[in-house]
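K.L.:
As input, take query-v7.cif (mmCIF, C-alpha atoms):
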data_protein
loop_
_atom_site.group_PDB
_atom_site.id
_atom_site.type_symbol
_atom_site.label_atom_id
_atom_site.label_comp_id
_atom_site.auth_asym_id
_atom_site.auth_seq_id
_atom_site.Cartn_x
_atom_site.Cartn_y
_atom_site.Cartn_z
ATOM 1 C CA MET A 1 22.512 -63.181 52.005
ATOM 2 C CA SER A 2 21.456 -64.648 55.338
ATOM 3 C CA MET A 3 18.674 -62.076 55.696
ATOM 4 C CA SER A 4 17.355 -62.880 52.221
ATOM 5 C CA ALA A 5 16.810 -66.503 53.391
ATOM 6 C CA TRP A 6 19.589 -68.046 51.332
ATOM 7 C CA LYS A 7 20.853 -70.990 53.350
ATOM 8 C CA ALA A 8 24.410 -71.727 52.254
ATOM 9 C CA VAL A 9 27.322 -69.420 51.530
ATOM 10 C CA ILE A 10 30.714 -70.823 50.527
ATOM 11 C CA LEU A 11 33.333 -68.910 52.492
ATOM 12 C CA TRP A 12 36.796 -69.565 51.119
ATOM 13 C CA LYS A 13 39.390 -72.051 50.005
ATOM 14 C CA HIS A 14 41.401 -72.750 53.150
ATOM 15 C CA GLN A 15 44.692 -73.340 51.372
ATOM 16 C CA LEU A 16 47.846 -71.698 50.085
ATOM 17 C CA CYS A 17 48.704 -69.388 52.976
ATOM 18 C CA CYS A 18 51.064 -67.610 50.587
ATOM 19 C CA VAL A 19 48.082 -66.168 48.689
ATOM 20 C CA PRO A 20 47.542 -62.619 50.062
ATOM 21 C CA MET A 21 43.797 -62.633 49.339
ATOM 22 C CA LEU A 22 43.346 -65.587 51.717
ATOM 23 C CA ALA A 23 45.431 -64.195 54.568
ATOM 24 C CA ASP A 24 42.368 -62.934 56.468
ATOM 25 C CA ALA A 25 40.329 -66.126 56.041
ATOM 26 C CA LYS A 26 40.302 -66.809 59.775
ATOM 27 C CA ASP A 27 39.030 -63.278 60.456
ATOM 28 C CA VAL A 28 36.228 -63.772 57.932
ATOM 29 C CA MET A 29 35.173 -66.977 59.659
ATOM 30 C CA GLU A 30 35.246 -65.309 63.054
ATOM 31 C CA ALA A 31 32.941 -62.548 61.824
ATOM 32 C CA VAL A 32 30.253 -64.737 60.255
ATOM 33 C CA ARG A 33 30.281 -68.157 61.899
ATOM 34 C CA ASN A 34 27.429 -67.364 64.305
ATOM 35 C CA LEU A 35 24.940 -66.243 61.658
ATOM 36 C CA GLU A 36 21.662 -67.977 62.437
ATOM 37 C CA GLY A 37 20.032 -70.162 59.807
ATOM 38 C CA ALA A 38 22.964 -70.082 57.382
ATOM 39 C CA ARG A 39 25.301 -72.886 56.387
ATOM 40 C CA LEU A 40 28.871 -71.706 55.901
ATOM 41 C CA PRO A 41 30.879 -74.546 54.330
ATOM 42 C CA VAL A 42 34.622 -74.068 53.890
ATOM 43 C CA LEU A 43 36.510 -75.470 50.893
ATOM 44 C CA THR A 44 39.367 -77.678 52.091
ATOM 45 C CA PRO A 45 41.910 -79.202 49.644
ATOM 46 C CA ASN A 46 43.626 -81.546 52.097
ATOM 47 C CA LEU A 47 43.846 -82.658 55.725
ATOM 48 C CA LYS A 48 45.950 -79.648 56.721
ATOM 49 C CA GLY A 49 43.344 -77.326 55.262
ATOM 50 C CA PHE A 50 40.606 -79.243 57.069
ATOM 51 C CA GLU A 51 42.381 -78.888 60.399
ATOM 52 C CA ALA A 52 42.854 -75.159 59.837
ATOM 53 C CA ALA A 53 39.189 -74.758 58.917
ATOM 54 C CA ILE A 54 38.030 -76.577 62.051
ATOM 55 C CA ALA A 55 40.404 -74.508 64.193
ATOM 56 C CA ALA A 56 38.803 -71.389 62.719
ATOM 57 C CA GLY A 57 35.351 -72.623 63.723
ATOM 58 C CA ALA A 58 34.041 -74.243 60.538
ATOM 59 C CA LYS A 59 31.011 -76.469 61.096
ATOM 60 C CA GLU A 60 30.822 -77.800 57.541
ATOM 61 C CA VAL A 61 33.490 -78.378 54.900
ATOM 62 C CA ALA A 62 33.634 -79.060 51.184
ATOM 63 C CA ILE A 63 36.053 -81.028 49.035
ATOM 64 C CA PHE A 64 36.520 -80.412 45.320
ATOM 65 C CA ALA A 65 37.733 -82.854 42.697
ATOM 66 C CA SER A 66 37.812 -82.573 38.921
ATOM 67 C CA ALA A 67 36.698 -84.824 36.084
ATOM 68 C CA SER A 68 39.643 -83.448 34.072
ATOM 69 C CA GLU A 69 43.233 -84.476 34.798
ATOM 70 C CA SER A 70 44.622 -81.247 33.361
ATOM 71 C CA PHE A 71 42.298 -79.055 35.390
ATOM 72 C CA SER A 72 42.999 -81.006 38.573
ATOM 73 C CA LYS A 73 46.716 -80.389 38.161
ATOM 74 C CA SER A 74 46.157 -76.683 37.410
ATOM 75 C CA ASN A 75 43.672 -76.087 40.214
ATOM 76 C CA ILE A 76 45.000 -78.178 43.103
ATOM 77 C CA ASN A 77 48.373 -79.341 41.785
ATOM 78 C CA CYS A 78 47.695 -83.073 41.788
ATOM 79 C CA SER A 79 46.105 -85.820 39.709
ATOM 80 C CA ILE A 80 42.503 -86.899 40.121
ATOM 81 C CA GLU A 81 43.519 -90.052 42.001
ATOM 82 C CA GLU A 82 45.869 -88.112 44.266
ATOM 83 C CA SER A 83 43.080 -85.670 45.082
ATOM 84 C CA LEU A 84 40.696 -88.495 45.931
ATOM 85 C CA THR A 85 43.288 -90.001 48.269
ATOM 86 C CA ARG A 86 43.596 -86.654 50.063
ATOM 87 C CA TYR A 87 39.845 -86.319 50.336
ATOM 88 C CA ARG A 88 39.380 -89.761 51.845
ATOM 89 C CA ALA A 89 41.583 -88.589 54.720
ATOM 90 C CA VAL A 90 39.534 -85.394 55.048
ATOM 91 C CA ALA A 91 36.249 -87.302 54.949
ATOM 92 C CA LEU A 92 37.447 -89.736 57.616
ATOM 93 C CA ALA A 93 38.591 -86.918 59.904
ATOM 94 C CA ALA A 94 35.315 -85.085 59.361
ATOM 95 C CA LYS A 95 33.292 -88.192 60.188
ATOM 96 C CA LYS A 96 35.090 -88.561 63.521
ATOM 97 C CA LEU A 97 34.062 -84.995 64.402
ATOM 98 C CA SER A 98 30.546 -85.302 62.920
ATOM 99 C CA ILE A 99 31.370 -82.530 60.439
ATOM 100 C CA PRO A 100 29.246 -82.639 57.245
ATOM 101 C CA VAL A 101 31.213 -82.837 53.987
ATOM 102 C CA ARG A 102 29.939 -81.611 50.626
ATOM 103 C CA GLY A 103 31.637 -82.775 47.440
ATOM 104 C CA TYR A 104 32.225 -80.871 44.209
ATOM 105 C CA VAL A 105 33.083 -82.159 40.757
ATOM 106 C CA SER A 106 34.470 -79.532 38.378
ATOM 107 C CA CYS A 107 34.618 -79.587 34.565
ATOM 108 C CA VAL A 108 31.622 -81.924 34.254
ATOM 109 C CA VAL A 109 31.091 -81.044 30.593
ATOM 110 C CA GLY A 110 34.198 -79.271 29.358
ATOM 111 C CA CYS A 111 37.761 -78.375 30.353
ATOM 112 C CA PRO A 112 39.749 -75.318 29.181
ATOM 113 C CA VAL A 113 42.655 -77.644 28.311
ATOM 114 C CA GLU A 114 41.160 -81.022 27.390
ATOM 115 C CA GLY A 115 37.922 -79.877 25.780
ATOM 116 C CA ALA A 116 34.890 -82.155 26.088
ATOM 117 C CA ILE A 117 34.794 -84.425 29.149
ATOM 118 C CA SER A 118 33.341 -87.931 29.031
ATOM 119 C CA PRO A 119 30.246 -88.432 31.235
ATOM 120 C CA SER A 120 31.817 -91.655 32.524
ATOM 121 C CA LYS A 121 34.686 -89.676 34.066
ATOM 122 C CA VAL A 122 32.220 -87.403 35.839
ATOM 123 C CA ALA A 123 30.251 -90.383 37.131
ATOM 124 C CA TYR A 124 33.435 -92.022 38.444
ATOM 125 C CA VAL A 125 34.529 -88.981 40.459
ATOM 126 C CA ALA A 126 31.002 -88.303 41.726
ATOM 127 C CA LYS A 127 30.622 -91.878 42.974
ATOM 128 C CA GLU A 128 34.020 -91.778 44.682
ATOM 129 C CA LEU A 129 32.967 -88.643 46.587
ATOM 130 C CA TYR A 130 29.607 -90.188 47.441
ATOM 131 C CA ASP A 131 31.259 -93.372 48.700
ATOM 132 C CA MET A 132 33.501 -91.263 50.961
ATOM 133 C CA GLY A 133 30.392 -90.034 52.734
ATOM 134 C CA CYS A 134 29.689 -86.666 51.121
ATOM 135 C CA PHE A 135 26.105 -85.736 51.944
ATOM 136 C CA GLU A 136 25.752 -83.979 48.590
ATOM 137 C CA ILE A 137 27.677 -83.857 45.299
ATOM 138 C CA SER A 138 27.662 -80.614 43.299
ATOM 139 C CA LEU A 139 28.212 -81.026 39.552
ATOM 140 C CA GLY A 140 30.029 -77.981 38.209
ATOM 141 C CA ASP A 141 30.167 -76.654 34.657
ATOM 142 C CA THR A 142 33.282 -74.721 35.610
ATOM 143 C CA ILE A 143 33.820 -72.862 32.343
ATOM 144 C CA GLY A 144 30.178 -72.436 31.385
ATOM 145 C CA VAL A 145 30.213 -74.363 28.101
ATOM 146 C CA ALA A 146 27.351 -76.753 28.881
ATOM 147 C CA THR A 147 24.133 -76.813 26.890
ATOM 148 C CA PRO A 148 21.039 -78.913 27.640
ATOM 149 C CA GLY A 149 22.191 -81.375 24.981
ATOM 150 C CA ALA A 150 25.448 -81.955 26.845
ATOM 151 C CA ILE A 151 23.853 -81.990 30.288
ATOM 152 C CA VAL A 152 21.522 -84.914 29.550
ATOM 153 C CA PRO A 153 24.161 -87.659 29.058
ATOM 154 C CA MET A 154 26.235 -86.332 31.955
ATOM 155 C CA LEU A 155 23.291 -86.402 34.362
ATOM 156 C CA GLU A 156 22.206 -89.833 33.170
ATOM 157 C CA ALA A 157 25.688 -91.225 33.820
ATOM 158 C CA VAL A 158 25.950 -89.698 37.293
ATOM 159 C CA MET A 159 22.406 -90.557 38.347
ATOM 160 C CA ALA A 160 23.119 -94.195 37.507
ATOM 161 C CA VAL A 161 25.649 -94.336 40.371
ATOM 162 C CA VAL A 162 24.587 -91.563 42.793
ATOM 163 C CA PRO A 163 21.009 -91.027 44.072
ATOM 164 C CA VAL A 164 19.414 -87.948 42.520
ATOM 165 C CA GLU A 165 18.526 -86.540 45.952
ATOM 166 C CA LYS A 166 22.268 -86.387 46.703
ATOM 167 C CA LEU A 167 23.048 -84.218 43.669
ATOM 168 C CA ALA A 168 23.265 -80.477 43.073
ATOM 169 C CA VAL A 169 24.135 -78.466 39.966
ATOM 170 C CA HIS A 170 26.599 -75.606 39.654
ATOM 171 C CA PHE A 171 26.566 -73.643 36.395
ATOM 172 C CA HIS A 172 28.678 -70.761 35.153
ATOM 173 C CA ASP A 173 26.902 -68.492 32.694
ATOM 174 C CA THR A 174 29.599 -67.834 30.088
ATOM 175 C CA TYR A 175 27.302 -68.578 27.141
ATOM 176 C CA GLY A 176 23.993 -67.706 28.793
ATOM 177 C CA GLN A 177 22.953 -71.359 29.095
ATOM 178 C CA SER A 178 22.694 -71.646 32.871
ATOM 179 C CA LEU A 179 18.943 -71.199 33.245
ATOM 180 C CA PRO A 180 18.037 -73.726 30.513
ATOM 181 C CA ASN A 181 20.500 -76.157 32.085
ATOM 182 C CA ILE A 182 18.996 -75.612 35.530
ATOM 183 C CA LEU A 183 15.468 -76.124 34.231
ATOM 184 C CA LEU A 184 16.526 -79.384 32.618
ATOM 185 C CA SER A 185 18.216 -80.499 35.842
ATOM 186 C CA LEU A 186 15.079 -79.797 37.849
ATOM 187 C CA GLN A 187 13.167 -82.069 35.505
ATOM 188 C CA SER A 188 15.953 -84.601 35.091
ATOM 189 C CA ALA A 189 14.577 -87.533 37.050
ATOM 190 C CA CYS A 190 11.291 -87.778 35.179
ATOM 191 C CA ALA A 191 9.200 -85.605 32.894
ATOM 192 C CA ASP A 192 6.456 -85.138 35.453
ATOM 193 C CA TYR A 193 8.347 -84.353 38.653
ATOM 194 C CA TYR A 194 11.418 -82.470 39.788
ATOM 195 C CA GLY A 195 14.763 -84.199 39.819
ATOM 196 C CA ILE A 196 17.723 -82.298 41.220
ATOM 197 C CA SER A 197 16.490 -79.732 43.720
ATOM 198 C CA THR A 198 19.685 -78.005 44.889
ATOM 199 C CA ILE A 199 21.157 -75.239 42.744
ATOM 200 C CA ASP A 200 24.428 -73.430 43.388
ATOM 201 C CA SER A 201 24.476 -69.765 42.395
ATOM 202 C CA SER A 202 26.088 -66.473 43.350
ATOM 203 C CA VAL A 203 24.518 -63.111 44.051
ATOM 204 C CA ALA A 204 25.047 -60.653 41.172
ATOM 205 C CA GLY A 205 26.691 -63.456 39.191
ATOM 206 C CA LEU A 206 29.996 -63.194 41.052
ATOM 207 C CA GLY A 207 32.734 -65.738 40.561
ATOM 208 C CA GLY A 208 34.863 -67.119 37.783
ATOM 209 C CA CYS A 209 37.767 -69.427 37.110
ATOM 210 C CA PRO A 210 41.412 -68.267 37.062
ATOM 211 C CA TYR A 211 42.373 -71.166 34.788
ATOM 212 C CA ALA A 212 39.712 -70.508 32.146
ATOM 213 C CA LYS A 213 40.160 -67.172 30.422
ATOM 214 C CA GLY A 214 36.853 -65.674 29.374
ATOM 215 C CA ALA A 215 34.743 -67.825 31.692
ATOM 216 C CA SER A 216 32.130 -65.794 33.525
ATOM 217 C CA GLY A 217 30.848 -66.058 37.074
ATOM 218 C CA ASN A 218 28.221 -68.391 38.447
ATOM 219 C CA VAL A 219 24.628 -68.050 37.404
ATOM 220 C CA ALA A 220 23.156 -65.086 39.287
ATOM 221 C CA THR A 221 21.034 -66.034 42.280
ATOM 222 C CA GLU A 222 18.550 -63.295 41.392
ATOM 223 C CA ASP A 223 17.989 -64.863 37.966
ATOM 224 C CA VAL A 224 17.498 -68.338 39.433
ATOM 225 C CA VAL A 225 14.980 -67.103 42.003
ATOM 226 C CA TYR A 226 13.075 -65.109 39.370
ATOM 227 C CA MET A 227 12.790 -68.206 37.158
ATOM 228 C CA LEU A 228 11.740 -70.447 40.045
ATOM 229 C CA ASN A 229 9.118 -67.912 41.115
ATOM 230 C CA GLY A 230 7.746 -68.012 37.581
ATOM 231 C CA LEU A 231 7.573 -71.806 37.746
ATOM 232 C CA GLY A 232 5.664 -71.663 41.017
ATOM 233 C CA VAL A 233 8.535 -73.264 42.922
ATOM 234 C CA LYS A 234 8.635 -72.043 46.515
ATOM 235 C CA THR A 235 12.120 -70.924 47.560
ATOM 236 C CA ASN A 236 11.447 -68.781 50.658
ATOM 237 C CA VAL A 237 13.978 -66.324 49.230
ATOM 238 C CA ASP A 238 13.020 -62.637 49.257
ATOM 239 C CA LEU A 239 13.966 -61.396 45.780
ATOM 240 C CA GLY A 240 13.865 -57.757 46.865
ATOM 241 C CA LYS A 241 16.315 -58.325 49.721
ATOM 242 C CA LEU A 242 18.453 -60.455 47.439
ATOM 243 C CA MET A 243 18.712 -57.576 44.972
ATOM 244 C CA LEU A 244 19.806 -55.261 47.777
ATOM 245 C CA VAL A 245 22.612 -57.693 48.584
ATOM 246 C CA GLY A 246 23.602 -57.735 44.925
ATOM 247 C CA ASP A 247 23.618 -53.939 44.765
ATOM 248 C CA PHE A 248 25.729 -53.754 47.910
ATOM 249 C CA ILE A 249 28.460 -56.137 46.790
ATOM 250 C CA SER A 250 28.505 -54.808 43.222
ATOM 251 C CA ASN A 251 29.012 -51.280 44.519
ATOM 252 C CA ARG A 252 31.717 -52.418 46.927
ATOM 253 C CA LEU A 253 33.558 -54.202 44.135
ATOM 254 C CA GLY A 254 33.034 -51.383 41.665
ATOM 255 C CA ARG A 255 31.540 -53.653 39.027
ATOM 256 C CA PRO A 256 28.104 -53.949 37.421
ATOM 257 C CA SER A 257 25.767 -56.706 38.513
ATOM 258 C CA GLY A 258 25.845 -59.834 36.389
ATOM 259 C CA SER A 259 22.159 -60.455 37.056
ATOM 260 C CA LYS A 260 19.796 -59.730 34.166
ATOM 261 C CA THR A 261 16.880 -59.824 36.598
ATOM 262 C CA ALA A 262 18.431 -57.251 38.920
ATOM 263 C CA ILE A 263 19.263 -54.934 36.024
ATOM 264 C CA ALA A 264 15.803 -55.234 34.470
ATOM 265 C CA LEU A 265 13.850 -54.800 37.711
ATOM 266 C CA SER A 266 16.013 -51.843 38.720
ATOM 267 C CA ARG A 267 15.128 -50.133 35.447
ATOM 268 C CA VAL A 268 11.452 -50.920 35.928
ATOM 269 C CA ASN A 269 11.523 -49.449 39.429
ATOM 270 C CA VAL A 270 13.291 -46.307 38.210
ATOM 271 C CA ASP A 271 10.797 -45.842 35.392
ATOM 272 C CA ALA A 272 7.873 -46.410 37.769
ATOM 273 C CA SER A 273 9.192 -43.742 40.129
ATOM 274 C CA LYS A 274 8.994 -41.204 37.302
ATOM 275 C CA ILE A 275 5.293 -41.792 36.672
#
Render the structure in this file as structure tokens.

P.N.:
Amino acid sequence: MSMSAWKAVILWKHQLCCVPMLADAKDVMEAVRNLEGARLPVLTPNLKGFEAAIAAGAKEVAIFASASESFSKSNINCSIEESLTRYRAVALAAKKLSIPVRGYVSCVVGCPVEGAISPSKVAYVAKELYDMGCFEISLGDTIGVATPGAIVPMLEAVMAVVPVEKLAVHFHDTYGQSLPNILLSLQSACADYYGISTIDSSVAGLGGCPYAKGASGNVATEDVVYMLNGLGVKTNVDLGKLMLVGDFISNRLGRPSGSKTAIALSRVNVDASKI
């Protein structure tokens, strides 16, 4: 991903040492922390996690709250207010060390337990994270139920309390609505210029949510770059190299790529080689 010119890669949730899949988190950080030109933020759920991340060499951290009470309790085992209290401590500790903090809001449109989420709840959590000092707030459609019609009121509510240049969007592609939602977000500030300019995505559409059965991974980075190229938006991302990364990780995981662009272009290249 670094070689393809993608600038930020989320490494891991530094929490729950009893989870076997996270046991080698420190080793992962040791292997990649000196990559040039790449941001490697580490998700930290509390002050203990922050301290462990810093000890492992993290130079940027992320905190993640939810607009849904039920999801907050399922994901990080505390209420929204309790999570915000924890994150204020993390943000204060990070400020003392000049460590940048990125904020995430999950379930900005829908929750697997509560259903539709009020835009006012999203705006409240986003502003709390912004007031803590987060340099950017990522708005996550965690279960991929958002449509452009649902995104509009949510963005309007959040942009009323957080500057648009401090916002990012994070869509899961469960219903194939990620690209329309991203396009709307780019144009959200005004019809004639781009609004939100930071988009979270994952190569080959990796990802998911353990608390939302049926939810797919994040929108595929390849698909986002292909769309932006078509819009004439300069990304400095090499789509060919990006596809190689997607092929690599998909093969390692033994799963097909979730990128429609990668699948289509691979077929085109195969067909062209037969001519």

K.L.:
Given the PyMOL selection byres ((chain A and resi 66) around 12) and the file above, list the residues it selects as a ChimeraX atom specification.

P.N.:
/A:45,63-65,67-84,103-111,117,121-126,128-129,138-142

K.L.:
Quick one: apply the PyMOL selection byres ((chain A and resi 214) around 12) to the file and drop the selected residues here as a list of chain:residue names.

P.N.:
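In the shown coordinates, the PyMOL selection byres ((chain A and resi 214) around 12) covers A:Pro112, A:Thr142, A:Ile143, A:Gly144, A:Val145, A:His172, A:Asp173, A:Thr174, A:Tyr175, A:Gly207, A:Gly208, A:Cys209, A:Pro210, A:Tyr211, A:Ala212, A:Lys213, A:Ala215, A:Ser216, A:Gly217.
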
K.L.:
Could you spell out the hits of the PyMOL selection byres ((chain A and resi 62) around 6) on the shown file, as a list of chain:residue names?

P.N.:
A:Val42, A:Leu43, A:Thr44, A:Val61, A:Ile63, A:Val101, A:Arg102, A:Gly103

K.L.:
Counting all atoms listed in the file, which residues sit no farther than 7 Å from the position (21.7, -71.8, 36.9) in the file's frame? I'd like them as a PDB file with C-alpha atoms, in the frame of the given file.

P.N.:
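Generated output (out33.pdb):
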ATOM      1  CA  HIS A 170      26.599 -75.606  39.654  1.00  0.00           C
ATOM      2  CA  PHE A 171      26.566 -73.643  36.395  1.00  0.00           C
ATOM      3  CA  SER A 178      22.694 -71.646  32.871  1.00  0.00           C
ATOM      4  CA  LEU A 179      18.943 -71.199  33.245  1.00  0.00           C
ATOM      5  CA  ASN A 181      20.500 -76.157  32.085  1.00  0.00           C
ATOM      6  CA  ILE A 182      18.996 -75.612  35.530  1.00  0.00           C
ATOM      7  CA  ILE A 199      21.157 -75.239  42.744  1.00  0.00           C
ATOM      8  CA  SER A 201      24.476 -69.765  42.395  1.00  0.00           C
ATOM      9  CA  VAL A 219      24.628 -68.050  37.404  1.00  0.00           C
ATOM     10  CA  VAL A 224      17.498 -68.338  39.433  1.00  0.00           C
TER      11      VAL A 224
END

K.L.:
Starting from the point (34.9, -75.4, 63.9), work out which residues of protein, DNA or RNA have an atom no more than 12 Å away when counting all atoms listed in the file; state them as a list in words.

P.N.:
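Using all atoms listed in the file, the matching residues come out as Lys26, Met29, Glu30, Arg33, Asn34, Leu40, Pro41, Val42, Phe50, Glu51, Ala52, Ala53, Ile54, Ala55, Ala56, Gly57, Ala58, Lys59, Glu60, Val61, Ala94, Leu97, Ser98, Ile99 and Pro100 of chain A.
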
K.L.:
Could you check which of A:Lys260, A:Leu265, A:Val158, A:Thr198 is closest to Thr235 in chain A, using all atoms listed in the file?

P.N.:
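Ranking A:Lys260, A:Leu265, A:Val158, A:Thr198 by distance to Thr235 in chain A, first place goes to A:Thr198.
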
K.L.:
State, in Å with one decimal place, the distance from CA of Lys127 in chain A to CA of Gly37 in chain A.

P.N.:
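Separating CA of Lys127 in chain A from CA of Gly37 in chain A is a distance of 29.4 Å.
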
K.L.:
Between A:Ala146, A:Cys134, A:Leu206, A:Glu114, which residue has the minimum interatomic distance to Lys95 in chain A, considering only C-alpha atoms?

P.N.:
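Of the candidates, the smallest distance to Lys95 in chain A is held by A:Cys134.
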
K.L.:
Could you tell me how far CA of Pro148 in chain A lies from CA of Gly176 in chain A, in Å and to one decimal?

P.N.:
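Separation of CA of Pro148 in chain A and CA of Gly176 in chain A: 11.6 Å.
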
K.L.:
Using the file's own x, y and z axes, what box holds all listed atoms of range 38-52 of chain A with 5 Å on each side, keeping edges along x, y and z, and what are its centre and edge lengths in Å to one decimal, as JSON?

P.N.:
{"center_x": 34.5, "center_y": -76.4, "center_z": 55.0, "size_x": 33.0, "size_y": 22.6, "size_z": 20.8}

K.L.:
What is the CA of Lys48 in chain A-CA of Val90 in chain A distance in Å, reported with one decimal?

P.N.:
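CA of Val90 in chain A lies at a distance of 8.8 Å from CA of Lys48 in chain A.
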
K.L.:
Rank nothing, just name the residue among A:Leu186, A:Val203, A:Val32, A:Ala262 nearest to Ala168 in chain A, using only C-alpha atoms.

P.N.:
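That would be A:Leu186, the residue with the smallest distance to Ala168 in chain A.
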
K.L.:
Saving range 46-91 of chain A with C-alpha atoms, as a PDB file, in the first residue's frame, what would that file be?

P.N.:
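To be explicit, this is the file written out as part.pdb:
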ATOM      1  CA  ASN A  46      -8.571   3.686  26.383  1.00  0.00           C
ATOM      2  CA  LEU A  47      -5.529   5.150  28.130  1.00  0.00           C
ATOM      3  CA  LYS A  48      -3.972   1.726  28.706  1.00  0.00           C
ATOM      4  CA  GLY A  49      -4.260   0.958  25.012  1.00  0.00           C
ATOM      5  CA  PHE A  50      -2.753   4.346  24.178  1.00  0.00           C
ATOM      6  CA  GLU A  51       0.235   3.710  26.422  1.00  0.00           C
ATOM      7  CA  ALA A  52       0.780   0.289  24.858  1.00  0.00           C
ATOM      8  CA  ALA A  53       0.563   1.770  21.365  1.00  0.00           C
ATOM      9  CA  ILE A  54       3.122   4.468  22.169  1.00  0.00           C
ATOM     10  CA  ALA A  55       5.430   1.883  23.747  1.00  0.00           C
ATOM     11  CA  ALA A  56       5.228  -0.085  20.500  1.00  0.00           C
ATOM     12  CA  GLY A  57       6.291   2.979  18.516  1.00  0.00           C
ATOM     13  CA  ALA A  58       2.986   4.429  17.308  1.00  0.00           C
ATOM     14  CA  LYS A  59       3.264   7.995  16.027  1.00  0.00           C
ATOM     15  CA  GLU A  60      -0.462   8.534  15.504  1.00  0.00           C
ATOM     16  CA  VAL A  61      -3.507   7.079  17.247  1.00  0.00           C
ATOM     17  CA  ALA A  62      -7.233   6.875  16.642  1.00  0.00           C
ATOM     18  CA  ILE A  63     -10.206   6.787  18.987  1.00  0.00           C
ATOM     19  CA  PHE A  64     -13.581   5.343  18.025  1.00  0.00           C
ATOM     20  CA  ALA A  65     -16.971   6.208  19.464  1.00  0.00           C
ATOM     21  CA  SER A  66     -20.450   5.237  18.324  1.00  0.00           C
ATOM     22  CA  ALA A  67     -23.649   7.162  17.681  1.00  0.00           C
ATOM     23  CA  SER A  68     -25.544   4.071  18.889  1.00  0.00           C
ATOM     24  CA  GLU A  69     -25.691   3.109  22.567  1.00  0.00           C
ATOM     25  CA  SER A  70     -26.254  -0.558  21.755  1.00  0.00           C
ATOM     26  CA  PHE A  71     -23.340  -0.727  19.347  1.00  0.00           C
ATOM     27  CA  SER A  72     -21.043   1.084  21.770  1.00  0.00           C
ATOM     28  CA  LYS A  73     -21.775  -1.507  24.438  1.00  0.00           C
ATOM     29  CA  SER A  74     -21.267  -4.386  21.976  1.00  0.00           C
ATOM     30  CA  ASN A  75     -18.088  -3.015  20.423  1.00  0.00           C
ATOM     31  CA  ILE A  76     -16.200  -1.482  23.351  1.00  0.00           C
ATOM     32  CA  ASN A  77     -18.282  -2.593  26.334  1.00  0.00           C
ATOM     33  CA  CYS A  78     -19.325   0.837  27.571  1.00  0.00           C
ATOM     34  CA  SER A  79     -21.894   3.567  26.988  1.00  0.00           C
ATOM     35  CA  ILE A  80     -21.319   6.475  24.638  1.00  0.00           C
ATOM     36  CA  GLU A  81     -20.662   8.862  27.532  1.00  0.00           C
ATOM     37  CA  GLU A  82     -18.273   6.418  29.187  1.00  0.00           C
ATOM     38  CA  SER A  83     -16.357   6.071  25.930  1.00  0.00           C
ATOM     39  CA  LEU A  84     -16.081   9.835  25.555  1.00  0.00           C
ATOM     40  CA  THR A  85     -14.713  10.103  29.092  1.00  0.00           C
ATOM     41  CA  ARG A  86     -12.044   7.520  28.243  1.00  0.00           C
ATOM     42  CA  TYR A  87     -11.147   9.322  25.050  1.00  0.00           C
ATOM     43  CA  ARG A  88     -10.714  12.677  26.750  1.00  0.00           C
ATOM     44  CA  ALA A  89      -7.966  11.056  28.827  1.00  0.00           C
ATOM     45  CA  VAL A  90      -6.384   9.601  25.681  1.00  0.00           C
ATOM     46  CA  ALA A  91      -6.591  12.924  23.849  1.00  0.00           C
TER      47      ALA A  91
END
